[in-house]
Amino acid sequence: MLDTFLQALQGSSIATAIREGERLFPWIECLHVLALAIVVGSIATVDLRLIGLASRDRGVAQVTAAVLPVTWSAFACAVISGGLLFSSNATTYGHNVYFQVKMALILLAGINMGIFHLFVGREMESWRTAALTPRRAKVAGAVSLCLWIAVVACGRWIGFTINTPT
Amino acid sequence: MAWLSLEPFCRWLAGTPVSQTIQTIEWIIPALQTVHILAVACVVTSALMIDLRLLGLGRHDQPVAAIARRFLPFIWWPLPVLAATGALLIAAEPARSLRNPVFLLKMELLVLAAGITLLCQIPLRRNAAFWDLSAGRRRLGRLIALASLPAWIGVVFAGRWIAYIQGV
(Lines give C-alpha, C1' and ligand atoms only; values in the text may rest on other atoms or scores of the structure.)
Protein backbone atom coordinates (compact mmCIF):
# COMPACT_ATOMS: atom_id res chain seq x y z
CA MET A 1 0.00 0.00 0.00
CA LEU A 2 2.63 2.50 1.11
CA ASP A 3 5.08 1.16 -1.46
CA THR A 4 2.50 1.51 -4.21
CA PHE A 5 2.06 5.14 -3.23
CA LEU A 6 5.82 5.76 -3.07
CA GLN A 7 6.28 4.18 -6.50
CA ALA A 8 3.47 6.23 -8.00
CA LEU A 9 4.99 9.38 -6.47
CA GLN A 10 8.40 8.52 -7.83
CA GLY A 11 6.94 7.84 -11.26
CA SER A 12 5.22 11.23 -11.48
CA SER A 13 6.51 13.63 -14.11
CA ILE A 14 7.79 16.16 -11.53
CA ALA A 15 9.72 13.46 -9.64
CA THR A 16 11.20 12.16 -12.87
CA ALA A 17 12.26 15.65 -13.93
CA ILE A 18 14.00 16.23 -10.59
CA ARG A 19 15.68 12.82 -10.68
CA GLU A 20 16.88 13.06 -14.24
CA GLY A 21 17.68 16.77 -14.51
CA GLU A 22 21.19 17.57 -13.40
CA ARG A 23 20.55 20.91 -11.76
CA LEU A 24 17.02 20.71 -10.39
CA PHE A 25 17.84 18.59 -7.33
CA PRO A 26 20.68 20.83 -6.04
CA TRP A 27 18.66 24.02 -6.56
CA ILE A 28 15.68 22.60 -4.65
CA GLU A 29 18.08 21.35 -1.99
CA CYS A 30 19.49 24.88 -1.65
CA LEU A 31 15.98 26.17 -0.99
CA HIS A 32 15.35 23.35 1.47
CA VAL A 33 18.52 24.08 3.45
CA LEU A 34 17.76 27.82 3.51
CA ALA A 35 14.15 27.24 4.59
CA LEU A 36 15.10 24.71 7.26
CA ALA A 37 17.83 27.03 8.56
CA ILE A 38 15.25 29.80 8.99
CA VAL A 39 12.74 27.40 10.61
CA VAL A 40 15.32 26.20 13.12
CA GLY A 41 16.85 29.63 13.68
CA SER A 42 13.50 31.31 14.31
CA ILE A 43 12.23 28.53 16.59
CA ALA A 44 15.54 28.71 18.47
CA THR A 45 14.90 32.43 19.03
CA VAL A 46 11.70 31.53 20.93
CA ASP A 47 13.31 28.52 22.66
CA LEU A 48 16.32 30.52 23.87
CA ARG A 49 13.97 33.19 25.20
CA LEU A 50 11.90 30.54 27.02
CA ILE A 51 15.03 28.99 28.51
CA GLY A 52 16.19 32.49 29.46
CA LEU A 53 19.38 32.63 27.40
CA ALA A 54 18.43 35.40 24.94
CA SER A 55 16.02 38.35 24.58
CA ARG A 56 15.72 38.23 28.38
CA ASP A 57 14.25 41.71 28.67
CA ARG A 58 11.50 41.11 26.11
CA GLY A 59 8.20 39.36 26.77
CA VAL A 60 7.77 35.79 25.49
CA ALA A 61 4.52 36.81 23.78
CA GLN A 62 6.28 39.63 21.87
CA VAL A 63 9.20 37.43 20.81
CA THR A 64 6.79 34.73 19.64
CA ALA A 65 4.54 37.13 17.74
CA ALA A 66 7.50 38.66 15.90
CA VAL A 67 9.05 35.34 14.95
CA LEU A 68 6.19 32.92 14.21
CA PRO A 69 5.12 34.36 10.82
CA VAL A 70 8.73 33.88 9.69
CA THR A 71 8.76 30.34 11.09
CA TRP A 72 5.53 29.28 9.36
CA SER A 73 6.46 30.81 5.99
CA ALA A 74 9.83 29.08 6.08
CA PHE A 75 8.22 25.83 7.26
CA ALA A 76 5.85 25.89 4.25
CA CYS A 77 8.87 26.35 1.93
CA ALA A 78 10.75 23.55 3.68
CA VAL A 79 7.78 21.15 3.36
CA ILE A 80 7.28 21.90 -0.34
CA SER A 81 10.99 21.72 -1.25
CA GLY A 82 11.44 18.67 0.99
CA GLY A 83 8.43 16.97 -0.61
CA LEU A 84 9.90 17.57 -4.07
CA LEU A 85 13.29 16.16 -3.04
CA PHE A 86 11.54 13.18 -1.44
CA SER A 87 9.42 12.49 -4.53
CA SER A 88 12.50 12.21 -6.76
CA ASN A 89 13.52 9.04 -4.94
CA ALA A 90 10.48 8.25 -2.80
CA THR A 91 10.99 4.48 -2.46
CA THR A 92 14.55 4.93 -1.19
CA TYR A 93 13.85 7.88 1.14
CA GLY A 94 10.68 6.25 2.45
CA HIS A 95 12.68 3.28 3.69
CA ASN A 96 15.62 5.29 5.01
CA VAL A 97 15.70 5.11 8.79
CA TYR A 98 17.07 8.65 9.19
CA PHE A 99 14.26 10.01 7.06
CA GLN A 100 11.70 8.15 9.19
CA VAL A 101 13.30 9.39 12.42
CA LYS A 102 13.40 12.95 11.01
CA MET A 103 9.65 12.86 10.30
CA ALA A 104 8.97 11.43 13.76
CA LEU A 105 11.06 14.18 15.37
CA ILE A 106 9.20 16.92 13.47
CA LEU A 107 5.93 15.35 14.64
CA LEU A 108 7.23 15.33 18.24
CA ALA A 109 8.30 18.97 17.91
CA GLY A 110 4.76 19.75 16.73
CA ILE A 111 3.22 17.87 19.66
CA ASN A 112 5.58 19.68 22.07
CA MET A 113 4.47 23.00 20.58
CA GLY A 114 0.80 21.99 20.81
CA ILE A 115 1.11 20.98 24.47
CA PHE A 116 2.97 24.21 25.20
CA HIS A 117 0.29 26.41 23.66
CA LEU A 118 -2.61 24.48 25.21
CA PHE A 119 -1.36 24.04 28.76
CA VAL A 120 1.72 26.16 29.42
CA GLY A 121 1.55 29.08 27.04
CA ARG A 122 -1.83 30.43 28.13
CA GLU A 123 -0.28 32.70 30.69
CA MET A 124 2.49 33.71 28.24
CA GLU A 125 1.37 37.38 28.34
CA SER A 126 2.62 37.65 31.92
CA TRP A 127 6.17 36.47 31.18
CA ARG A 128 7.62 39.93 30.59
CA THR A 129 11.18 39.10 31.66
CA ALA A 130 13.23 35.93 31.80
CA ALA A 131 12.91 35.88 35.60
CA LEU A 132 9.11 35.52 35.32
CA THR A 133 9.21 32.54 32.95
CA PRO A 134 8.21 29.36 34.83
CA ARG A 135 10.22 26.18 34.79
CA ARG A 136 7.73 24.23 32.63
CA ALA A 137 8.13 26.85 29.89
CA LYS A 138 11.91 26.48 30.13
CA VAL A 139 11.54 22.70 29.74
CA ALA A 140 9.29 23.14 26.67
CA GLY A 141 11.95 25.43 25.14
CA ALA A 142 14.80 23.02 25.85
CA VAL A 143 12.85 20.03 24.45
CA SER A 144 12.01 21.97 21.30
CA LEU A 145 15.63 23.07 20.81
CA CYS A 146 16.94 19.49 21.18
CA LEU A 147 14.31 18.09 18.79
CA TRP A 148 15.11 20.62 16.06
CA ILE A 149 18.87 20.07 16.40
CA ALA A 150 18.18 16.35 15.96
CA VAL A 151 16.01 17.11 12.89
CA VAL A 152 18.96 18.92 11.25
CA ALA A 153 21.30 16.05 12.13
CA CYS A 154 18.93 13.43 10.68
CA GLY A 155 18.57 15.50 7.52
CA ARG A 156 22.32 15.48 7.07
CA TRP A 157 22.56 11.76 7.79
CA ILE A 158 19.94 11.00 5.10
CA GLY A 159 22.40 12.42 2.58
CA PHE A 160 25.16 10.15 3.82
CA THR A 161 23.11 6.95 3.80
CA ILE A 162 21.62 7.52 0.35
CA ASN A 163 23.91 7.64 -2.62
CA THR A 164 23.81 11.33 -3.54
CA PRO A 165 26.49 14.02 -3.37
CA THR A 166 26.97 15.12 0.21
CA MET B 1 46.74 29.18 -12.46
CA ALA B 2 46.35 29.80 -8.75
CA TRP B 3 44.62 26.42 -8.45
CA LEU B 4 47.74 24.64 -9.70
CA SER B 5 49.87 25.79 -6.79
CA LEU B 6 47.16 24.63 -4.39
CA GLU B 7 47.45 21.03 -5.49
CA PRO B 8 50.54 20.08 -3.42
CA PHE B 9 49.01 21.85 -0.39
CA CYS B 10 45.74 19.92 -0.80
CA ARG B 11 47.67 16.66 -1.07
CA TRP B 12 49.74 17.48 2.04
CA LEU B 13 46.62 18.49 4.01
CA ALA B 14 44.76 15.31 3.03
CA GLY B 15 47.69 13.28 4.39
CA THR B 16 47.78 14.92 7.84
CA PRO B 17 46.59 12.89 10.85
CA VAL B 18 43.62 15.25 11.39
CA SER B 19 42.42 14.74 7.84
CA GLN B 20 43.01 11.00 7.99
CA THR B 21 41.03 10.71 11.23
CA ILE B 22 38.05 12.65 9.83
CA GLN B 23 38.13 10.58 6.65
CA THR B 24 38.23 7.25 8.53
CA ILE B 25 35.59 7.80 11.19
CA GLU B 26 32.32 7.91 9.30
CA TRP B 27 30.18 10.02 11.61
CA ILE B 28 32.56 12.97 11.90
CA ILE B 29 31.75 14.66 8.56
CA PRO B 30 27.93 14.60 8.95
CA ALA B 31 28.34 15.73 12.57
CA LEU B 32 30.55 18.67 11.52
CA GLN B 33 28.08 19.56 8.76
CA THR B 34 25.22 19.47 11.28
CA VAL B 35 26.99 21.91 13.61
CA HIS B 36 27.92 24.05 10.57
CA ILE B 37 24.28 24.20 9.39
CA LEU B 38 23.02 25.03 12.91
CA ALA B 39 25.46 27.94 13.07
CA VAL B 40 24.36 29.02 9.57
CA ALA B 41 20.75 28.88 10.81
CA CYS B 42 21.69 31.24 13.63
CA VAL B 43 23.43 33.75 11.34
CA VAL B 44 20.89 33.71 8.50
CA THR B 45 17.83 34.00 10.76
CA SER B 46 19.42 36.90 12.67
CA ALA B 47 20.28 38.71 9.43
CA LEU B 48 16.74 38.06 8.18
CA MET B 49 15.11 39.48 11.33
CA ILE B 50 17.21 42.68 11.09
CA ASP B 51 16.60 43.00 7.34
CA LEU B 52 12.84 42.48 7.68
CA ARG B 53 12.77 45.27 10.26
CA LEU B 54 14.87 47.57 8.02
CA LEU B 55 12.42 46.85 5.19
CA GLY B 56 9.54 47.72 7.49
CA LEU B 57 7.97 44.27 7.13
CA GLY B 58 6.45 42.35 10.01
CA ARG B 59 6.05 43.73 13.52
CA HIS B 60 6.81 47.36 14.15
CA ASP B 61 6.70 47.45 17.93
CA GLN B 62 10.47 47.90 18.29
CA PRO B 63 12.88 50.38 16.66
CA VAL B 64 15.65 49.08 14.36
CA ALA B 65 18.16 49.73 17.16
CA ALA B 66 16.47 47.28 19.54
CA ILE B 67 16.18 44.53 16.91
CA ALA B 68 19.80 45.07 15.88
CA ARG B 69 21.00 44.94 19.48
CA ARG B 70 19.21 41.61 19.99
CA PHE B 71 20.21 39.89 16.75
CA LEU B 72 23.63 41.32 15.73
CA PRO B 73 25.54 39.22 18.32
CA PHE B 74 23.94 36.11 16.80
CA ILE B 75 25.43 37.05 13.41
CA TRP B 76 28.96 37.49 14.78
CA TRP B 77 29.45 34.90 17.47
CA PRO B 78 28.60 31.81 15.36
CA LEU B 79 31.35 32.86 12.91
CA PRO B 80 34.19 31.19 14.90
CA VAL B 81 32.08 28.00 15.04
CA LEU B 82 31.54 28.22 11.28
CA ALA B 83 35.25 28.83 10.70
CA ALA B 84 36.26 25.90 12.91
CA THR B 85 33.78 23.36 11.49
CA GLY B 86 34.42 24.70 7.98
CA ALA B 87 38.19 24.35 8.41
CA LEU B 88 37.82 20.75 9.61
CA LEU B 89 35.55 19.94 6.64
CA ILE B 90 38.19 21.43 4.33
CA ALA B 91 40.90 19.39 6.07
CA ALA B 92 38.87 16.22 5.46
CA GLU B 93 38.65 16.77 1.70
CA PRO B 94 40.86 19.76 0.77
CA ALA B 95 40.43 19.62 -3.00
CA ARG B 96 36.63 19.38 -2.71
CA SER B 97 36.49 23.00 -1.59
CA LEU B 98 39.87 24.72 -1.97
CA ARG B 99 40.04 23.92 -5.67
CA ASN B 100 36.33 24.50 -6.20
CA PRO B 101 35.20 27.79 -7.84
CA VAL B 102 31.90 27.66 -5.91
CA PHE B 103 33.79 27.59 -2.60
CA LEU B 104 35.66 30.72 -3.68
CA LEU B 105 32.34 32.33 -4.62
CA LYS B 106 30.95 31.41 -1.18
CA MET B 107 33.88 33.12 0.55
CA GLU B 108 33.47 36.25 -1.61
CA LEU B 109 29.75 36.39 -0.84
CA LEU B 110 30.52 35.89 2.86
CA VAL B 111 32.89 38.88 2.87
CA LEU B 112 30.23 40.90 1.02
CA ALA B 113 27.47 39.88 3.46
CA ALA B 114 29.65 40.62 6.48
CA GLY B 115 30.58 44.00 4.99
CA ILE B 116 26.91 44.89 4.46
CA THR B 117 26.18 43.85 8.05
CA LEU B 118 28.92 46.23 9.25
CA LEU B 119 27.37 49.02 7.14
CA CYS B 120 24.22 48.54 9.19
CA GLN B 121 26.03 48.11 12.51
CA ILE B 122 28.68 50.86 12.57
CA PRO B 123 26.33 53.87 12.39
CA LEU B 124 24.36 52.38 15.32
CA ARG B 125 27.46 52.64 17.52
CA ARG B 126 27.53 56.41 17.24
CA ASN B 127 23.77 56.88 17.35
CA ALA B 128 21.43 54.06 18.37
CA ALA B 129 18.49 55.75 16.62
CA PHE B 130 20.45 56.19 13.37
CA TRP B 131 18.23 54.04 11.14
CA ASP B 132 14.97 55.38 12.61
CA LEU B 133 15.93 59.06 12.39
CA SER B 134 14.58 60.28 9.04
CA ALA B 135 12.82 59.11 5.87
CA GLY B 136 16.14 59.27 4.02
CA ARG B 137 17.85 57.05 6.59
CA ARG B 138 14.98 54.58 6.44
CA ARG B 139 15.33 54.43 2.65
CA LEU B 140 19.06 53.79 2.99
CA GLY B 141 18.28 51.09 5.56
CA ARG B 142 15.91 49.43 3.10
CA LEU B 143 18.64 49.43 0.44
CA ILE B 144 21.06 47.80 2.89
CA ALA B 145 18.49 45.11 3.68
CA LEU B 146 17.83 44.51 -0.02
CA ALA B 147 21.58 43.96 -0.54
CA SER B 148 22.05 41.90 2.61
CA LEU B 149 19.34 39.30 1.94
CA PRO B 150 20.61 38.07 -1.45
CA ALA B 151 24.20 38.08 -0.15
CA TRP B 152 23.36 35.76 2.78
CA ILE B 153 21.12 33.58 0.59
CA GLY B 154 24.00 33.37 -1.88
CA VAL B 155 26.33 32.16 0.89
CA VAL B 156 23.89 29.33 1.78
CA PHE B 157 23.25 28.35 -1.85
CA ALA B 158 26.94 28.37 -2.79
CA GLY B 159 27.63 26.28 0.31
CA ARG B 160 25.27 23.56 -0.89
CA TRP B 161 26.54 23.75 -4.48
CA ILE B 162 30.11 22.90 -3.32
CA ALA B 163 28.91 19.30 -3.13
CA TYR B 164 27.77 19.30 -6.76
CA ILE B 165 30.58 21.15 -8.56
CA GLN B 166 33.80 19.27 -9.11
CA GLY B 167 37.02 20.89 -7.96
CA VAL B 168 39.26 21.80 -10.90
# chains A, B, ... in the order shown; residues from 1 in each chain; ligands from 1
>>> residues_around(residues="B:Leu82", least_positions_apart="3", cutoff="7 Å", atoms="only C-alpha atoms", output="PDB file with N, CA, C and O atoms, in the first residue's frame")
ATOM      1  N   HIS B  36      27.742  22.959  11.528  1.00  0.00           N
ATOM      2  CA  HIS B  36      27.921  24.050  10.573  1.00  0.00           C
ATOM      3  C   HIS B  36      26.560  24.627  10.164  1.00  0.00           C
ATOM      4  O   HIS B  36      26.353  25.836  10.166  1.00  0.00           O
ATOM      5  N   ALA B  39      24.878  26.607  12.945  1.00  0.00           N
ATOM      6  CA  ALA B  39      25.460  27.943  13.073  1.00  0.00           C
ATOM      7  C   ALA B  39      24.998  28.840  11.923  1.00  0.00           C
ATOM      8  O   ALA B  39      24.713  30.030  12.125  1.00  0.00           O
ATOM      9  N   PRO B  78      28.453  33.133  15.994  1.00  0.00           N
ATOM     10  CA  PRO B  78      28.599  31.810  15.364  1.00  0.00           C
ATOM     11  C   PRO B  78      29.756  31.725  14.370  1.00  0.00           C
ATOM     12  O   PRO B  78      30.158  30.632  13.985  1.00  0.00           O
ATOM     13  N   LEU B  79      30.310  32.902  13.952  1.00  0.00           N
ATOM     14  CA  LEU B  79      31.346  32.857  12.915  1.00  0.00           C
ATOM     15  C   LEU B  79      32.560  32.005  13.298  1.00  0.00           C
ATOM     16  O   LEU B  79      33.061  31.236  12.467  1.00  0.00           O
ATOM     17  N   THR B  85      34.356  24.546  12.142  1.00  0.00           N
ATOM     18  CA  THR B  85      33.781  23.358  11.487  1.00  0.00           C
ATOM     19  C   THR B  85      34.111  23.378  10.000  1.00  0.00           C
ATOM     20  O   THR B  85      34.416  22.335   9.412  1.00  0.00           O
ATOM     21  N   GLY B  86      34.076  24.581   9.391  1.00  0.00           N
ATOM     22  CA  GLY B  86      34.416  24.697   7.976  1.00  0.00           C
ATOM     23  C   GLY B  86      35.852  24.272   7.719  1.00  0.00           C
ATOM     24  O   GLY B  86      36.137  23.538   6.768  1.00  0.00           O
TER      25      GLY B  86
END
>>> interface_residues(of="chain B", to="chain A", cutoff="7 Å", atoms="only C-alpha atoms", output="VMD selection string")
chain B and resid 30 34 40 to 42 44 to 45 59 70 156 to 157 160 to 161 163 to 164
>>> atom_distance(atom1="atom CA of A:Leu68", atom2="atom CA of B:Gly58")
10.3 Å
